[in-house]
Amino acid sequence: MTEGLGTALLLETPPPLLLWYGQNARDLPWRRDPAPYRVWLSEIMLQQTRVEAVKPYFARFLEALPDIPALARAPEPVLMKLWEGLGYYNRARNLQKAARIVAEQYGGTLPASYEQLLKLPGFGPYTAGAVASFAFGLPVPAVDGNVLRVVSRLLASRADISRPEVKAAVSEGIRTVLEGIPDQAGSYNQAIMELGATLCGPNTAPDCAACPLSALCLGYRQGIARELPVKAPKRPRRAENRTVFLLVSRGRAAVRRRPEQGLLAGLWELPNAAGALTPAEARAWLREQGLEPVKLRALRPAKHIFTHVEWHMTGYLAETEAAGDGSLLWVSGQELREQYTIPSAFRAYSGILLELLEKG
């Protein structure tokens, strides 16, 4: 993908791209102080999550766990609570696994080596490249979807960017560029990603008139930039119906622990059942759990989208006097807010529950 003319074009990009980046880079907290821990944390949080959504989580996380040793020592409930709402909770678990290895093997400081970073949990080629180049200035590529988009448009390439060999070819092309500007490797990687996140973004027409690479861009010259990049369509998500219960008894609400394997493994959840239960079926299900509903009220339906599945949820608020079959934990509103991590999949209902408990 980047052989011949492609490599030649990429080698022409640093001067205009770095000049543009110096004048237009967004002011982001992890850029103001690119210490390795901060860069690493930001990169993990930014996976599957928008920049504006990450900012408050980033600040709150650093206040609670300001360095790698603190992260390594943090109790899991504290870690999960800090991550609550970001989703993809394995990111947080891998973050802590890596922190414990770094604390034990590297004295609490991330190694300034792409190869050593790549061995840590949660570090793939992109994350290792980002930390190595942004935090340590090493001339290694950091190729994400933004970079693939920019390069595809620049080279007018119709190669499928979901194919590993295409990503590898782009990485090699970027590596060749960085060999010529080793002192600016981190800035170049950030610049090309910044371009892909802003002027050359996804799901919209590229702003070619403002782009610093438009004079070089074959996609722009050929009028096909908006058609690129080419990417194989994702498999359609599987739809599942779930019925979620807001169970309240004497000012407390019921939560339960999910299994240690599978979707949302090990997290706390609102009790729920498979299927879209009718009121009669909901009452029957509650009785099977050892609960006698005194009142049952239907709530608005909700939907949550995971990577490969989406939940279509029916909700019920149930007041009950019985404590259930022992699988439920009854907590106060304050405990629910401060101690128990409820995944964002239940956000449409957990907010209602908190409001109800705090009103008394």
# chains A, B, ... in the order shown; residues from 1 in each chain; ligands from 1
$ select_by_dssp --residues "segment 46-192 of chain A" --states "alpha helix (DSSP H)" --output "PyMOL selection string"
chain A and resi 46+51-64+68-73+76-83+90-105+114-118+125-134+145-154+164-180+185-192
$ write_last_selection --atoms "C-alpha atoms" --output "mmCIF file, in the first residue's frame"
data_model
loop_
_atom_site.group_PDB
_atom_site.id
_atom_site.type_symbol
_atom_site.label_atom_id
_atom_site.label_comp_id
_atom_site.auth_asym_id
_atom_site.auth_seq_id
_atom_site.Cartn_x
_atom_site.Cartn_y
_atom_site.Cartn_z
ATOM 1 C CA LEU A 46 -9.638 6.920 24.608
ATOM 2 C CA VAL A 51 -12.166 12.818 23.840
ATOM 3 C CA GLU A 52 -14.685 15.094 25.571
ATOM 4 C CA ALA A 53 -16.141 12.166 27.492
ATOM 5 C CA VAL A 54 -12.681 11.082 28.666
ATOM 6 C CA LYS A 55 -11.527 14.431 30.083
ATOM 7 C CA PRO A 56 -13.429 14.352 33.421
ATOM 8 C CA TYR A 57 -12.648 10.655 33.939
ATOM 9 C CA PHE A 58 -8.960 11.324 33.294
ATOM 10 C CA ALA A 59 -8.831 14.117 35.886
ATOM 11 C CA ARG A 60 -10.784 12.139 38.503
ATOM 12 C CA PHE A 61 -8.688 9.001 37.976
ATOM 13 C CA LEU A 62 -5.387 10.854 38.365
ATOM 14 C CA GLU A 63 -6.590 12.589 41.509
ATOM 15 C CA ALA A 64 -7.423 9.241 43.095
ATOM 16 C CA ILE A 68 1.569 3.619 38.784
ATOM 17 C CA PRO A 69 2.243 2.305 42.325
ATOM 18 C CA ALA A 70 -1.085 3.787 43.484
ATOM 19 C CA LEU A 71 -2.875 2.109 40.561
ATOM 20 C CA ALA A 72 -1.167 -1.193 41.313
ATOM 21 C CA ARG A 73 -2.327 -1.070 44.975
ATOM 22 C CA GLU A 76 -10.781 -3.492 42.621
ATOM 23 C CA PRO A 77 -14.009 -1.779 43.801
ATOM 24 C CA VAL A 78 -12.192 1.573 43.829
ATOM 25 C CA LEU A 79 -10.777 0.972 40.344
ATOM 26 C CA MET A 80 -14.145 -0.091 38.939
ATOM 27 C CA LYS A 81 -15.898 2.904 40.502
ATOM 28 C CA LEU A 82 -13.390 5.272 38.908
ATOM 29 C CA TRP A 83 -14.015 3.572 35.555
ATOM 30 C CA ASN A 90 -11.397 -5.152 30.813
ATOM 31 C CA ARG A 91 -9.435 -2.049 29.867
ATOM 32 C CA ALA A 92 -9.307 -1.090 33.542
ATOM 33 C CA ARG A 93 -8.425 -4.613 34.643
ATOM 34 C CA ASN A 94 -5.577 -4.826 32.127
ATOM 35 C CA LEU A 95 -4.443 -1.364 33.176
ATOM 36 C CA GLN A 96 -4.029 -2.594 36.736
ATOM 37 C CA LYS A 97 -2.432 -5.886 35.691
ATOM 38 C CA ALA A 98 0.168 -3.941 33.721
ATOM 39 C CA ALA A 99 0.673 -1.488 36.612
ATOM 40 C CA ARG A 100 1.432 -4.363 38.980
ATOM 41 C CA ILE A 101 4.011 -5.802 36.575
ATOM 42 C CA VAL A 102 5.582 -2.364 36.126
ATOM 43 C CA ALA A 103 5.662 -1.842 39.895
ATOM 44 C CA GLU A 104 7.319 -5.234 40.450
ATOM 45 C CA GLN A 105 9.702 -5.375 37.487
ATOM 46 C CA TYR A 114 8.499 -0.341 22.458
ATOM 47 C CA GLU A 115 9.318 -4.065 22.720
ATOM 48 C CA GLN A 116 9.005 -4.133 26.506
ATOM 49 C CA LEU A 117 5.793 -2.110 26.469
ATOM 50 C CA LEU A 118 4.317 -4.546 23.963
ATOM 51 C CA PRO A 125 1.075 -2.306 18.670
ATOM 52 C CA TYR A 126 -0.848 0.973 18.629
ATOM 53 C CA THR A 127 -0.774 1.622 22.399
ATOM 54 C CA ALA A 128 2.876 0.621 22.675
ATOM 55 C CA GLY A 129 3.712 2.918 19.747
ATOM 56 C CA ALA A 130 1.721 5.804 21.175
ATOM 57 C CA VAL A 131 3.336 5.623 24.620
ATOM 58 C CA ALA A 132 6.800 5.007 23.174
ATOM 59 C CA SER A 133 6.611 7.982 20.795
ATOM 60 C CA PHE A 134 4.456 10.476 22.743
ATOM 61 C CA GLY A 145 -8.067 4.285 12.547
ATOM 62 C CA ASN A 146 -7.370 7.987 12.102
ATOM 63 C CA VAL A 147 -3.946 7.314 10.594
ATOM 64 C CA LEU A 148 -5.305 4.597 8.316
ATOM 65 C CA ARG A 149 -7.980 7.011 7.063
ATOM 66 C CA VAL A 150 -5.534 9.828 6.346
ATOM 67 C CA VAL A 151 -3.056 7.556 4.561
ATOM 68 C CA SER A 152 -5.789 5.861 2.515
ATOM 69 C CA ARG A 153 -7.031 9.233 1.297
ATOM 70 C CA LEU A 154 -3.556 10.623 0.766
ATOM 71 C CA PRO A 164 -3.739 -6.890 8.985
ATOM 72 C CA GLU A 165 -1.352 -6.726 6.040
ATOM 73 C CA VAL A 166 -2.690 -3.297 5.050
ATOM 74 C CA LYS A 167 -2.215 -1.938 8.564
ATOM 75 C CA ALA A 168 1.286 -3.446 8.615
ATOM 76 C CA ALA A 169 2.118 -1.732 5.330
ATOM 77 C CA VAL A 170 0.938 1.644 6.641
ATOM 78 C CA SER A 171 2.983 1.115 9.811
ATOM 79 C CA GLU A 172 6.085 0.455 7.745
ATOM 80 C CA GLY A 173 5.437 3.570 5.671
ATOM 81 C CA ILE A 174 5.113 5.693 8.820
ATOM 82 C CA ARG A 175 8.236 4.065 10.252
ATOM 83 C CA THR A 176 10.156 5.164 7.151
ATOM 84 C CA VAL A 177 8.940 8.734 7.662
ATOM 85 C CA LEU A 178 9.963 8.717 11.325
ATOM 86 C CA GLU A 179 13.452 7.485 10.496
ATOM 87 C CA GLY A 180 13.969 10.817 8.742
ATOM 88 C CA ALA A 185 8.458 11.260 15.999
ATOM 89 C CA GLY A 186 5.940 11.889 18.785
ATOM 90 C CA SER A 187 4.769 15.155 17.253
ATOM 91 C CA TYR A 188 4.372 13.584 13.811
ATOM 92 C CA ASN A 189 2.367 10.632 15.141
ATOM 93 C CA GLN A 190 0.111 12.983 17.057
ATOM 94 C CA ALA A 191 -0.199 15.326 14.092
ATOM 95 C CA ILE A 192 -1.394 12.687 11.630
#
$ residues_around --residues "segment 223-226 of chain A" --least-positions-apart "5" --cutoff "8 Å" --atoms "only C-alpha atoms" --output "CSV table (one decimal) with C-alpha atoms, in the first residue's frame"
chain,number,residue,atom,x,y,z
A,153,ARG,CA,-7.0,9.2,1.3
A,156,ALA,CA,-6.1,7.2,-3.0
A,204,THR,CA,-18.3,13.1,7.4
A,205,ALA,CA,-16.9,14.9,4.3
A,206,PRO,CA,-13.2,15.7,4.8
$ closest_residue --among "A:Pro343, A:Gly22, A:Gly251, A:Gly122" --to "Gly266 of chain A" --atoms "only C-alpha atoms"
A:Pro343
$ residues_around --residues "Pro259 of chain A" --least-positions-apart "5" --cutoff "12 Å" --atoms "only C-alpha atoms" --output "VMD selection string"
chain A and resid 264 to 269 327
$ write_last_selection --atoms "C-alpha atoms" --output "mmCIF file, in the first residue's frame"
data_model
loop_
_atom_site.group_PDB
_atom_site.id
_atom_site.type_symbol
_atom_site.label_atom_id
_atom_site.label_comp_id
_atom_site.auth_asym_id
_atom_site.auth_seq_id
_atom_site.Cartn_x
_atom_site.Cartn_y
_atom_site.Cartn_z
ATOM 1 C CA LEU A 264 -19.568 -7.402 31.974
ATOM 2 C CA ALA A 265 -17.729 -10.107 33.922
ATOM 3 C CA GLY A 266 -17.641 -9.677 37.687
ATOM 4 C CA LEU A 267 -19.449 -6.327 37.769
ATOM 5 C CA TRP A 268 -22.507 -5.411 39.819
ATOM 6 C CA GLU A 269 -25.780 -5.167 37.950
ATOM 7 C CA SER A 327 -28.181 -13.817 45.325
#
$ atom_distance --atom1 "atom CA of Glu194 of chain A" --atom2 "atom CA of Ala25 of chain A"
7.1 Å
$ atom_distance --atom1 "atom CA of Leu11 of chain A" --atom2 "atom CA of Cys200 of chain A"
19.0 Å
$ select_by_dssp --residues "segment 35-274 of chain A" --states "strand (DSSP E or B)" --output "MDAnalysis selection string"
chainID A and resid 160 230 238:249 252:257 268:269 272:274
$ write_last_selection --atoms "N, CA, C and O atoms" --output "compact mmCIF listing (two decimals), in the first residue's frame"
# COMPACT_ATOMS: atom_id res chain seq x y z
N ASP A 160 -8.32 -2.61 1.71
CA ASP A 160 -9.20 -2.78 2.87
C ASP A 160 -8.41 -2.58 4.16
O ASP A 160 -7.55 -3.41 4.50
N VAL A 230 -11.60 2.22 2.43
CA VAL A 230 -12.41 1.03 2.22
C VAL A 230 -12.24 0.13 3.44
O VAL A 230 -11.12 -0.07 3.92
N ARG A 238 -25.89 -8.93 17.25
CA ARG A 238 -27.00 -9.78 17.68
C ARG A 238 -27.88 -9.00 18.65
O ARG A 238 -27.37 -8.33 19.56
N ALA A 239 -29.17 -9.05 18.48
CA ALA A 239 -30.10 -8.34 19.37
C ALA A 239 -30.62 -9.31 20.43
O ALA A 239 -30.96 -10.46 20.13
N GLU A 240 -30.63 -8.85 21.69
CA GLU A 240 -31.15 -9.65 22.79
C GLU A 240 -32.17 -8.82 23.57
O GLU A 240 -31.94 -7.65 23.84
N ASN A 241 -33.26 -9.45 23.94
CA ASN A 241 -34.25 -8.81 24.81
C ASN A 241 -33.90 -9.14 26.27
O ASN A 241 -33.61 -10.30 26.60
N ARG A 242 -33.91 -8.12 27.13
CA ARG A 242 -33.68 -8.30 28.56
C ARG A 242 -34.76 -7.55 29.31
O ARG A 242 -35.24 -6.51 28.86
N THR A 243 -35.13 -8.06 30.46
CA THR A 243 -36.04 -7.35 31.36
C THR A 243 -35.27 -6.98 32.62
O THR A 243 -34.70 -7.86 33.28
N VAL A 244 -35.22 -5.70 32.92
CA VAL A 244 -34.44 -5.17 34.03
C VAL A 244 -35.39 -4.77 35.17
O VAL A 244 -36.42 -4.12 34.93
N PHE A 245 -35.01 -5.14 36.39
CA PHE A 245 -35.86 -4.87 37.55
C PHE A 245 -35.18 -3.89 38.50
O PHE A 245 -34.03 -4.08 38.90
N LEU A 246 -35.90 -2.84 38.85
CA LEU A 246 -35.50 -1.93 39.91
C LEU A 246 -36.24 -2.39 41.15
O LEU A 246 -37.44 -2.13 41.32
N LEU A 247 -35.54 -3.14 42.01
CA LEU A 247 -36.16 -3.74 43.18
C LEU A 247 -35.88 -2.88 44.40
O LEU A 247 -34.72 -2.60 44.73
N VAL A 248 -36.94 -2.47 45.08
CA VAL A 248 -36.82 -1.58 46.23
C VAL A 248 -37.54 -2.20 47.42
O VAL A 248 -38.67 -2.71 47.28
N SER A 249 -36.87 -2.17 48.58
CA SER A 249 -37.48 -2.69 49.80
C SER A 249 -36.95 -1.89 50.99
O SER A 249 -35.73 -1.87 51.22
N ARG A 252 -34.02 0.48 50.43
CA ARG A 252 -32.80 -0.08 49.85
C ARG A 252 -33.12 -0.73 48.52
O ARG A 252 -34.27 -1.08 48.25
N ALA A 253 -32.10 -0.88 47.68
CA ALA A 253 -32.28 -1.44 46.35
C ALA A 253 -31.44 -2.69 46.18
O ALA A 253 -30.39 -2.85 46.83
N ALA A 254 -31.86 -3.57 45.31
CA ALA A 254 -31.17 -4.83 45.09
C ALA A 254 -30.19 -4.72 43.92
O ALA A 254 -30.52 -4.20 42.86
N VAL A 255 -28.98 -5.22 44.15
CA VAL A 255 -28.01 -5.41 43.08
C VAL A 255 -27.48 -6.83 43.20
O VAL A 255 -27.65 -7.49 44.23
N ARG A 256 -26.85 -7.31 42.14
CA ARG A 256 -26.24 -8.63 42.21
C ARG A 256 -24.97 -8.65 41.37
O ARG A 256 -24.79 -7.82 40.49
N ARG A 257 -24.10 -9.61 41.64
CA ARG A 257 -22.82 -9.72 40.95
C ARG A 257 -22.98 -10.57 39.71
O ARG A 257 -23.60 -11.64 39.75
N TRP A 268 -21.18 -5.43 39.20
CA TRP A 268 -22.51 -5.41 39.82
C TRP A 268 -23.53 -4.97 38.78
O TRP A 268 -23.24 -4.18 37.89
N GLU A 269 -24.73 -5.49 38.91
CA GLU A 269 -25.78 -5.17 37.95
C GLU A 269 -27.13 -5.04 38.65
O GLU A 269 -27.29 -5.47 39.80
N ASN A 272 -31.86 -8.81 36.38
CA ASN A 272 -32.49 -8.82 35.05
C ASN A 272 -32.71 -10.25 34.60
O ASN A 272 -32.09 -11.19 35.11
N ALA A 273 -33.57 -10.39 33.63
CA ALA A 273 -33.93 -11.71 33.12
C ALA A 273 -33.94 -11.68 31.59
O ALA A 273 -34.14 -10.62 30.98
N ALA A 274 -33.73 -12.82 30.99
CA ALA A 274 -33.77 -12.92 29.53
C ALA A 274 -35.21 -12.72 29.05
O ALA A 274 -36.17 -13.13 29.71
$ atom_distance --atom1 "atom CA of Leu296 of chain A" --atom2 "atom CA of Thr314 of chain A"
12.9 Å
$ closest_residue --among "A:Ala209, A:Gly262, A:Gly85, A:Asp67" --to "Ser350 of chain A" --atoms "only C-alpha atoms"
A:Gly85
$ closest_residue --among "A:Thr341, A:Ser113, A:Ser162, A:Gln184" --to "Gly137 of chain A" --atoms "only C-alpha atoms"
A:Gln184
$ closest_residue --among "A:Glu358, A:Pro293, A:Glu84, A:Ile305" --to "Tyr340 of chain A" --atoms "only C-alpha atoms"
A:Glu84
